[in-house]
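Q: data_7.cif (mmCIF, C-alpha atoms) pasted underneath:
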```cif
data_data
loop_
_atom_site.label_atom_id
_atom_site.label_comp_id
_atom_site.auth_asym_id
_atom_site.auth_seq_id
_atom_site.Cartn_x
_atom_site.Cartn_y
_atom_site.Cartn_z
CA MET A 988 0.00 0.00 0.00
CA LEU A 989 1.35 3.37 -0.99
CA ILE A 990 -0.83 5.67 0.98
CA LEU A 991 -0.67 4.60 4.57
CA CYS A 992 -1.20 6.00 7.99
CA TYR A 993 1.25 8.81 7.72
CA HIS A 994 1.40 10.36 11.12
CA SER A 995 3.94 8.98 13.53
CA LEU A 996 5.58 6.84 10.91
CA ALA A 997 8.90 5.67 12.24
CA MET A 998 12.01 6.18 10.14
CA GLU A 999 11.83 2.62 8.92
CA ASN A 1000 8.20 2.96 7.88
CA PHE A 1001 8.95 6.23 6.17
CA GLY A 1002 11.81 4.52 4.35
CA SER A 1003 9.68 1.65 3.13
CA TYR A 1004 6.96 4.10 2.08
CA MET A 1005 9.55 6.00 0.03
CA ARG A 1006 10.81 2.76 -1.50
CA GLN A 1007 7.28 1.75 -2.49
CA LEU A 1008 6.73 5.15 -4.09
CA ARG A 1009 9.91 4.79 -6.10
CA LYS A 1010 9.11 1.23 -7.17
CA SER A 1011 5.59 2.17 -8.17
CA MET A 1012 7.11 4.71 -10.57
CA GLY A 1013 9.53 2.06 -11.85
CA LEU A 1014 12.55 4.22 -11.01
CA THR A 1015 16.04 3.17 -9.97
CA LEU A 1016 17.98 5.04 -7.29
CA LYS A 1017 20.21 6.45 -10.02
CA GLN A 1018 17.23 7.76 -11.97
CA VAL A 1019 15.86 9.43 -8.85
CA GLU A 1020 19.28 11.00 -8.28
CA THR A 1021 19.29 12.43 -11.79
CA HIS A 1022 15.72 13.68 -11.63
CA ALA A 1023 15.57 15.01 -8.07
CA LYS A 1024 19.23 15.94 -7.69
CA VAL A 1025 19.50 13.94 -4.46
CA SER A 1026 22.37 11.51 -3.95
CA ASN A 1027 21.36 7.90 -4.57
CA ALA A 1028 23.33 6.75 -1.52
CA TYR A 1029 21.35 9.16 0.64
CA ILE A 1030 18.02 7.95 -0.79
CA SER A 1031 19.08 4.37 -0.25
CA GLN A 1032 19.88 5.10 3.41
CA ILE A 1033 16.50 6.78 3.87
CA GLU A 1034 14.72 3.83 2.30
CA ARG A 1035 16.53 1.42 4.61
CA GLY A 1036 15.55 3.48 7.63
CA LEU A 1037 19.15 4.49 8.39
CA ARG A 1038 18.54 8.23 8.04
CA ARG A 1039 15.90 10.56 9.36
CA PRO A 1040 13.33 11.88 6.85
CA PRO A 1041 14.99 14.55 4.69
CA HIS A 1042 14.50 18.29 4.80
CA PRO A 1043 11.22 19.59 3.24
CA ASP A 1044 13.22 21.14 0.37
CA ILE A 1045 14.41 17.69 -0.62
CA LEU A 1046 10.94 16.26 -0.14
CA LYS A 1047 9.65 18.89 -2.53
CA ARG A 1048 11.95 17.58 -5.27
CA LEU A 1049 11.11 13.97 -4.46
CA ALA A 1050 7.37 14.72 -4.56
CA LYS A 1051 7.79 15.91 -8.14
CA THR A 1052 9.82 12.85 -9.08
CA TYR A 1053 7.35 10.43 -7.49
CA ASP A 1054 4.34 12.37 -8.78
CA VAL A 1055 2.72 12.72 -5.37
CA GLU A 1056 1.46 15.70 -3.41
CA LEU A 1057 4.16 17.36 -1.34
CA ARG A 1058 1.71 17.33 1.54
CA GLU A 1059 1.66 13.53 1.47
CA LEU A 1060 5.42 13.36 1.89
CA LEU A 1061 5.43 16.05 4.57
CA VAL A 1062 2.84 14.11 6.53
CA ALA A 1063 4.71 10.84 6.01
CA ALA A 1064 7.90 12.49 7.24
CA GLY A 1065 6.15 13.79 10.34
CA TYR A 1066 6.41 17.49 9.41
CA LEU A 1067 2.63 17.84 9.20
CA GLU A 1068 -0.18 16.42 11.24
CA VAL A 1069 -2.99 14.79 9.37
CA ASP A 1070 -6.60 14.62 10.27
CA SER A 1071 -7.36 11.15 11.65
CA VAL A 1072 -10.70 11.10 9.80
CA GLU A 1073 -8.87 11.63 6.56
CA VAL A 1074 -6.48 8.81 7.41
CA ALA A 1075 -9.38 6.48 8.17
CA LYS A 1076 -11.00 7.38 4.85
CA ARG A 1077 -7.80 6.65 3.00
CA ARG A 1078 -7.41 3.34 4.78
CA THR A 1079 -10.95 2.39 3.80
CA LEU A 1080 -10.25 3.34 0.22
CA GLU A 1081 -6.98 1.39 0.11
CA LYS A 1082 -8.67 -1.64 1.63
CA ALA A 1083 -11.55 -1.39 -0.82
CA PHE A 1084 -9.10 -1.09 -3.73
CA GLU A 1085 -7.22 -4.18 -2.55
CA HIS A 1086 -10.51 -6.03 -2.37
CA VAL A 1087 -11.38 -5.02 -5.92
CA GLN A 1088 -7.96 -6.11 -7.16
CA SER A 1089 -8.30 -9.50 -5.54
CA ASP A 1090 -11.85 -10.28 -6.68
CA PRO A 1091 -11.42 -12.78 -9.54
CA ALA A 1092 -14.99 -12.24 -10.73
CA PHE A 1093 -14.34 -8.57 -11.45
CA LYS A 1094 -12.18 -8.13 -14.53
CA HIS A 1095 -10.92 -4.69 -15.31
CA GLY A 1096 -8.28 -2.78 -17.18
CA THR A 1097 -7.44 0.75 -18.06
CA ARG A 1098 -5.67 2.86 -20.63
CA ILE A 1099 -3.44 4.79 -18.26
CA LYS A 1100 -0.75 7.44 -18.68
CA GLY A 1101 2.34 6.15 -16.90
CA THR A 1102 2.29 3.57 -14.12
CA HIS A 1103 1.31 5.53 -11.03
CA VAL A 1104 -2.22 4.91 -9.76
CA SER A 1105 -3.47 7.92 -7.84
CA LEU A 1106 -5.98 7.88 -5.02
CA GLU A 1107 -8.50 9.51 -7.34
CA THR A 1108 -8.09 6.66 -9.81
CA LYS A 1109 -8.37 4.04 -7.08
CA ARG A 1110 -11.60 5.65 -5.92
CA PHE A 1111 -12.94 5.64 -9.47
CA ILE A 1112 -12.14 1.93 -9.90
CA VAL A 1113 -13.74 1.06 -6.57
CA GLU A 1114 -16.83 3.06 -7.53
CA MET A 1115 -17.07 1.18 -10.82
CA TYR A 1116 -16.82 -2.06 -8.89
CA GLU A 1117 -19.61 -0.93 -6.59
CA LYS A 1118 -21.75 0.00 -9.57
CA LEU A 1119 -21.38 -3.36 -11.28
CA THR A 1120 -21.46 -5.65 -8.28
CA LYS A 1121 -24.02 -3.63 -6.28
CA ARG A 1122 -21.74 -3.90 -3.26
CA ASN A 1123 -20.83 -1.04 -1.00
CA LEU A 1124 -17.17 -0.88 -0.04
CA LEU A 1125 -16.72 2.83 0.54
CA LYS A 1126 -19.15 3.47 3.36
CA GLY A 1127 -18.24 6.91 4.67
CA ALA A 1128 -14.96 7.09 2.79
CA MET B 1014 -37.54 -27.51 -21.16
CA GLN B 1015 -34.52 -25.32 -20.74
CA LEU B 1016 -31.99 -25.58 -23.50
CA LEU B 1017 -28.32 -25.55 -22.66
CA THR B 1018 -26.47 -22.72 -24.39
CA ASP B 1019 -22.89 -21.52 -24.40
CA GLY B 1020 -24.01 -18.32 -22.67
CA SER B 1021 -23.29 -16.11 -25.65
CA ASP B 1022 -26.95 -15.13 -26.13
CA ASN B 1023 -26.70 -12.57 -23.37
CA ASN B 1024 -23.02 -11.96 -23.90
CA PRO B 1025 -22.21 -11.04 -27.51
CA THR B 1026 -18.48 -10.57 -26.83
CA LEU B 1027 -18.33 -14.14 -25.57
CA GLY B 1028 -20.05 -15.16 -28.80
CA PHE B 1029 -17.39 -13.33 -30.79
CA CYS B 1030 -14.61 -15.03 -28.83
CA LEU B 1031 -16.15 -18.47 -29.37
CA THR B 1032 -16.41 -17.78 -33.11
CA MET B 1033 -12.76 -16.70 -33.20
CA ILE B 1034 -11.73 -19.86 -31.39
CA SER B 1035 -13.76 -22.07 -33.70
CA GLN B 1036 -12.34 -20.36 -36.82
CA HIS B 1037 -8.74 -19.85 -35.73
CA GLY B 1038 -8.31 -22.47 -33.00
CA GLY B 1039 -6.00 -24.47 -35.26
CA SER B 1040 -3.46 -21.68 -35.41
CA TRP B 1041 -4.01 -20.07 -32.05
CA PRO B 1042 -3.40 -17.30 -31.13
CA PRO B 1043 -4.42 -15.19 -34.12
CA THR B 1044 -2.28 -12.17 -34.91
CA GLU B 1045 -3.54 -8.81 -33.69
CA GLU B 1046 -4.15 -7.89 -37.33
CA VAL B 1047 -6.45 -10.85 -37.88
CA LEU B 1048 -8.21 -10.34 -34.58
CA ALA B 1049 -8.69 -6.65 -35.37
CA ARG B 1050 -10.10 -7.38 -38.84
CA GLU B 1051 -12.62 -9.88 -37.51
CA PHE B 1052 -13.55 -7.58 -34.66
CA VAL B 1053 -14.07 -4.51 -36.83
CA ASN B 1054 -16.40 -6.50 -39.08
CA TRP B 1055 -18.26 -7.96 -36.12
CA LEU B 1056 -18.72 -4.59 -34.42
CA ASP B 1057 -19.43 -2.81 -37.70
CA PHE B 1058 -16.86 -0.25 -36.68
CA HIS B 1059 -16.07 2.65 -39.03
CA SER B 1060 -13.47 5.37 -39.17
CA MET B 1061 -15.83 8.30 -38.67
CA LEU B 1062 -18.22 7.69 -35.81
CA THR B 1063 -19.65 10.17 -33.34
CA ARG B 1064 -19.72 9.45 -29.64
CA SER B 1065 -23.42 8.71 -29.72
CA ARG B 1066 -22.91 6.28 -32.61
CA LEU B 1067 -20.09 4.55 -30.74
CA THR B 1068 -22.33 4.28 -27.68
CA GLU B 1069 -25.10 2.80 -29.80
CA LEU B 1070 -22.73 0.27 -31.41
CA CYS B 1071 -21.50 -0.87 -28.01
CA ARG B 1072 -25.03 -1.15 -26.70
CA THR B 1073 -25.93 -3.56 -29.49
CA LYS B 1074 -23.02 -5.72 -28.34
CA GLY B 1075 -24.05 -5.70 -24.70
CA VAL B 1076 -21.43 -3.20 -23.56
CA ASN B 1077 -22.39 -0.03 -21.75
CA LEU B 1078 -20.19 2.81 -23.04
CA SER B 1079 -20.06 6.22 -21.39
CA PHE B 1080 -17.99 9.36 -21.70
CA VAL B 1081 -17.30 10.97 -18.34
CA PRO B 1082 -14.61 13.13 -16.74
CA LEU B 1083 -11.94 10.71 -15.53
CA PRO B 1084 -8.93 11.14 -13.25
CA GLN B 1085 -6.14 12.86 -15.16
CA GLU B 1086 -3.98 9.79 -15.73
CA ILE B 1087 -6.76 7.60 -17.13
CA ARG B 1088 -7.91 7.73 -20.74
CA GLY B 1089 -10.24 4.78 -20.61
CA PHE B 1090 -11.42 2.03 -18.35
CA ASN B 1091 -13.14 -1.30 -18.86
CA CYS B 1092 -14.65 -3.74 -16.45
CA ALA B 1093 -16.76 -6.87 -16.50
CA PHE B 1094 -18.69 -8.62 -13.81
CA GLN B 1095 -20.74 -11.67 -14.71
CA GLU B 1096 -22.49 -10.61 -17.92
CA LYS B 1097 -22.28 -6.89 -17.30
CA LYS B 1098 -19.66 -5.02 -19.25
CA GLU B 1099 -18.72 -1.36 -19.03
CA ILE B 1100 -16.35 0.84 -20.93
CA VAL B 1101 -15.70 4.38 -19.79
CA ILE B 1102 -13.79 6.91 -21.87
CA THR B 1103 -12.57 10.28 -20.74
CA LYS B 1104 -14.82 13.12 -21.78
CA HIS B 1105 -11.92 15.54 -22.10
CA GLU B 1106 -9.84 13.76 -24.72
CA LEU B 1107 -8.85 16.32 -27.30
CA ALA B 1108 -6.62 14.33 -29.63
CA PRO B 1109 -8.46 13.54 -32.87
CA PHE B 1110 -9.74 9.96 -33.12
CA ALA B 1111 -8.64 9.25 -29.54
CA ASP B 1112 -12.14 8.11 -28.56
CA SER B 1113 -12.11 5.33 -31.15
CA HIS B 1114 -8.57 4.34 -30.28
CA THR B 1115 -9.32 4.11 -26.56
CA LEU B 1116 -12.54 2.22 -27.24
CA MET B 1117 -10.69 -0.40 -29.28
CA HIS B 1118 -8.01 -0.61 -26.61
CA GLU B 1119 -10.60 -1.26 -23.91
CA PHE B 1120 -12.43 -3.78 -26.06
CA ARG B 1121 -9.20 -5.70 -26.59
CA GLU B 1122 -8.77 -6.03 -22.85
CA LEU B 1123 -12.35 -7.21 -22.44
CA LEU B 1124 -11.79 -9.79 -25.19
CA GLU B 1125 -8.65 -11.05 -23.51
CA HIS B 1126 -10.54 -11.65 -20.27
CA GLU B 1127 -13.03 -13.75 -22.21
CA PHE B 1128 -10.33 -15.66 -24.10
CA ALA B 1129 -8.47 -16.37 -20.86
CA ALA B 1130 -11.65 -17.57 -19.14
CA LEU B 1131 -12.21 -19.97 -22.05
CA GLY B 1132 -8.66 -21.28 -21.73
CA TYR B 1133 -7.55 -19.56 -24.94
CA ALA B 1134 -5.47 -16.66 -23.71
CA THR B 1135 -3.78 -14.90 -26.63
CA ILE B 1136 -0.89 -13.45 -24.68
CA GLY B 1137 1.62 -15.00 -22.32
CA VAL B 1138 1.82 -14.25 -18.60
CA LYS B 1139 4.85 -12.04 -19.13
CA ASP B 1140 3.44 -10.20 -22.13
CA SER B 1141 1.86 -6.82 -21.66
CA LEU B 1142 -1.84 -6.71 -22.42
CA GLU B 1143 -1.53 -2.94 -22.42
CA GLU B 1144 0.88 -3.05 -25.36
CA GLN B 1145 -1.15 -5.64 -27.25
CA ALA B 1146 -4.27 -3.53 -26.78
CA GLU B 1147 -2.48 -0.52 -28.28
CA ILE B 1148 -1.43 -2.59 -31.30
CA PHE B 1149 -4.95 -3.96 -31.64
CA ALA B 1150 -6.42 -0.45 -31.49
CA ALA B 1151 -4.07 0.74 -34.24
CA PHE B 1152 -4.87 -2.27 -36.47
CA SER B 1153 -8.62 -1.89 -35.87
CA ARG B 1154 -8.58 1.71 -36.97
CA MET B 1155 -6.44 0.92 -40.01
CA GLU B 1156 -8.91 -1.80 -40.91
CA ALA B 1157 -11.79 0.66 -40.52
CA ILE B 1158 -10.27 3.27 -42.83
CA THR B 1159 -9.33 0.60 -45.38
CA LYS B 1160 -12.93 -0.59 -45.31
CA ASP B 1161 -14.34 2.94 -45.60
CA LEU B 1162 -12.02 4.24 -48.33
CA PRO B 1163 -13.94 2.78 -51.32
CA SER B 1164 -17.19 4.41 -50.16
CA PHE B 1165 -15.37 7.74 -49.72
CA ILE B 1166 -14.10 7.50 -53.30
CA GLU B 1167 -17.53 6.50 -54.54
CA MET B 1168 -19.00 9.50 -52.76
CA ALA B 1169 -16.51 11.79 -54.48
CA GLN B 1170 -17.11 10.17 -57.87
CA SER B 1171 -20.81 10.97 -57.68
CA ILE B 1172 -20.12 14.71 -57.57
CA GLU B 1173 -20.88 16.26 -60.97
CA LYS B 1174 -18.83 19.45 -60.92
CA ASN B 1175 -15.18 18.74 -61.71
CA TRP B 1176 -13.65 21.18 -59.27
CA ALA B 1177 -15.89 19.91 -56.44
CA ARG B 1178 -15.08 16.32 -57.29
CA TYR B 1179 -11.33 16.97 -57.21
CA LEU B 1180 -11.75 18.86 -53.98
CA ALA B 1181 -13.59 15.88 -52.51
CA TYR B 1182 -10.83 13.51 -53.69
CA ALA B 1183 -8.23 15.75 -52.10
CA PHE B 1184 -10.20 15.96 -48.88
CA TRP B 1185 -10.59 12.19 -48.55
CA LEU B 1186 -6.96 11.64 -49.45
CA VAL B 1187 -5.77 14.06 -46.76
CA PHE B 1188 -8.28 12.67 -44.28
CA SER B 1189 -7.15 9.09 -44.92
CA LEU B 1190 -3.50 10.01 -44.57
CA VAL B 1191 -4.09 11.90 -41.33
CA TYR B 1192 -6.19 9.02 -40.04
CA LEU B 1193 -3.55 6.43 -40.91
CA PHE B 1194 -0.86 8.60 -39.37
CA SER B 1195 -2.91 8.87 -36.19
CA CYS B 1196 -3.39 5.08 -36.07
CA ILE B 1197 0.35 4.68 -35.65
CA TYR B 1198 1.36 7.81 -33.82
CA LEU B 1199 -1.66 8.63 -31.64
CA PRO B 1200 -0.13 7.34 -28.39
CA GLN B 1201 2.97 9.48 -28.99
CA LEU B 1202 0.83 12.51 -29.88
CA GLU B 1203 -1.19 12.01 -26.71
CA GLU B 1204 2.00 11.84 -24.65
CA ILE B 1205 3.24 15.09 -26.20
CA GLY B 1206 -0.13 16.70 -25.45
CA ALA B 1207 -0.13 15.45 -21.87
CA GLU B 1208 3.43 16.66 -21.35
CA ALA B 1209 2.55 20.11 -22.73
CA LYS B 1210 -0.40 20.22 -20.35
CA ARG B 1211 1.84 19.30 -17.40
CA GLN B 1212 4.33 21.99 -18.40
CA ARG B 1213 1.51 24.52 -18.53
CA TYR B 1214 0.52 23.62 -14.97
CA VAL B 1215 4.12 23.96 -13.84
CA ARG B 1216 4.39 27.40 -15.42
CA THR B 1217 1.20 28.80 -13.88
#
```
Represent the supplied structure as structure tokens.

A:
Amino acid sequence: MLILCYHSLAMENFGSYMRQLRKSMGLTLKQVETHAKVSNAYISQIERGLRRPPHPDILKRLAKTYDVELRELLVAAGYLEVDSVEVAKRRTLEKAFEHVQSDPAFKHGTRIKGTHVSLETKRFIVEMYEKLTKRNLLKGA
Amino acid sequence: MQLLTDGSDNNPTLGFCLTMISQHGGSWPPTEEVLAREFVNWLDFHSMLTRSRLTELCRTKGVNLSFVPLPQEIRGFNCAFQEKKEIVITKHELAPFADSHTLMHEFRELLEHEFAALGYATIGVKDSLEEQAEIFAAFSRMEAITKDLPSFIEMAQSIEKNWARYLAYAFWLVFSLVYLFSCIYLPQLEEIGAEAKRQRYVRT
């Protein structure tokens, strides 16, 4: 899961979150270095939980590279607090999306630009699932 | 007495897949070109169709097609559950002929789900359905323009005034060339358009 409970993520969790973001974009450490102008050794250490979350300036560049909102990274790094209701909604959405992905009776595909699946897209796919199967997965989310 | 059927009565795409298997099962899988040709004929797909005509065509084949605003990174989406099938295409696609291209792409994915369920998958586990669907979409549109070209020429031939007839020939020639060009290069053109859009957001 890419979008997780951000607040109070330990360094290790932050690192694995960053690694998942990078992998979801299909980028190598070297490519991130080139794009974000951040040393690949430093990113590797962050991903392995050996370094504290980087300065917001660096997060800003990484947000662009990973095509995510800066706010998401700032929350993940512990710089910003996030509303617990919002976190719960996101968890529900992620869970619902996982359910949709694992339902063998529901076949789906999409013509997508790039490889990153945003929250908005996940919500859309879950809503399509709800429409076709007449099931409700997003209660309150 | 209830007759046993193969289930294709309520599911025309399944019927198409079964026909393909019965006709080409000996040399399975068919090439994308062959699959596209058969599919274009089956769907009665043409090069110049409005959104409402596309919707109508899909409806006759048991697929609900709609054009809605989609998240920025999605151009089209398809899903199937039991006998229900849906294709959704972004309402804000500006590239010419992109609607048809995306529709064919989504249809190819729906077909593959049917083929796989019948034990006749046309692509390997490691192959990319996404790429095959793009190739299929390009072939389908080429097939459509090839099929439509004679009627375009006929239409031009029926014009009495010389200058108007030559103008019509020129128009159809240019149209066909642009269409064929877009069959091959549409994905690249879309990427360029999307990149330009991103740059615009960065600048503002």

Q: From the options B:Ser1141, B:Gln1036, B:Ser1189, B:Thr1135, which residue's atoms come nearest to chain A, counting only C-alpha atoms?

A: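 Of all the options, B:Ser1141 lies closest to chain A.
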
Q: Run the PyMOL selection byres ((chain B and resi 1126) around 10) against the file shown and list the residues it catches, as a list of chain:residue names.

A: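 That selection, the PyMOL selection byres ((chain B and resi 1126) around 10), comes back as A:Lys1094, A:His1095, A:Gly1096, B:Leu1027, B:Cys1092, B:Ala1093, B:Phe1120, B:Arg1121, B:Glu1122, B:Leu1123, B:Leu1124, B:Glu1125, B:Glu1127, B:Phe1128, B:Ala1129, B:Ala1130, B:Leu1131, B:Gly1132, B:Tyr1133, B:Ala1134, B:Thr1135.
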
Q: With chain A as the partner and 9 Å as the cut-off, tabulate the residues of chain B that qualify, each row holding the nearest pair of atoms and their distance in Å to one decimal, using all atoms listed in the file, sorted by chain and rising number, as CSV.

A:
```
residue,atom,partner,partner_atom,distance
B:Leu1083,CA,A:Phe1111,CA,8.0
B:Pro1084,CA,A:Thr1108,CA,5.7
B:Gln1085,CA,A:Lys1100,CA,8.4
B:Glu1086,CA,A:Lys1100,CA,5.0
B:Ile1087,CA,A:Ile1099,CA,4.5
B:Arg1088,CA,A:Arg1098,CA,5.4
B:Gly1089,CA,A:Arg1098,CA,5.0
B:Phe1090,CA,A:Thr1097,CA,4.2
B:Asn1091,CA,A:Gly1096,CA,5.4
B:Cys1092,CA,A:His1095,CA,4.0
B:Ala1093,CA,A:Lys1094,CA,5.1
B:Phe1094,CA,A:Phe1093,CA,4.9
B:Gln1095,CA,A:Ala1092,CA,7.0
B:Lys1097,CA,A:Leu1119,CA,7.0
B:Lys1098,CA,A:Leu1119,CA,8.3
B:Glu1099,CA,A:Leu1119,CA,8.4
B:Thr1115,CA,A:Arg1098,CA,7.1
B:His1118,CA,A:Arg1098,CA,7.3
B:Glu1119,CA,A:Thr1097,CA,6.9
B:Glu1122,CA,A:Gly1096,CA,6.6
B:Leu1123,CA,A:His1095,CA,7.7
B:His1126,CA,A:Lys1094,CA,6.9
B:Glu1143,CA,A:Arg1098,CA,7.3
B:Ala1146,CA,A:Arg1098,CA,9.0
B:Glu1147,CA,A:Arg1098,CA,9.0
B:Glu1204,CA,A:Lys1100,CA,7.9
B:Ala1207,CA,A:Lys1100,CA,8.6
```

Q: Of the candidates B:Leu1180, B:Val1187, B:Ala1049, B:Lys1074, which one gets nearest to B:Met1168 if we count only C-alpha atoms?

A: B:Leu1180

Q: When you draw a straight line from atom CA of B:Ala1183 to atom CA of B:Leu1162, how long is it in Å?

A: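 Result for atom CA of B:Ala1183 versus atom CA of B:Leu1162: 12.7 Å, one decimal.
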
Q: Would you translate the PyMOL selection byres ((chain B and resi 1043) around 12) into the concrete set of residues it matches in this file, as a VMD selection string?

A: chain B and resid 1030 1033 to 1042 1044 to 1052 1128 1133 to 1136 1149

Q: Between A:Phe1084, A:Pro1043, A:Gln1007, A:Ser1026, single out the one closest to A:Leu1067, counting all atoms listed in the file.

A: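 Going through A:Phe1084, A:Pro1043, A:Gln1007, A:Ser1026 one by one, the smallest distance to A:Leu1067 is for A:Pro1043.
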
Q: So, with all atoms listed in the file as the atoms that count, which of A:Thr1052, A:Gln1032, A:Ser1089, A:Thr1079 lies closest to A:Arg1009?

A: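 Comparing A:Thr1052, A:Gln1032, A:Ser1089, A:Thr1079 against A:Arg1009, the winner is A:Thr1052.
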
Q: So how far away is atom CA of B:Glu1096 from atom CA of B:Pro1025, in Å?

A: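 Distance between the two atoms: 9.6 Å.
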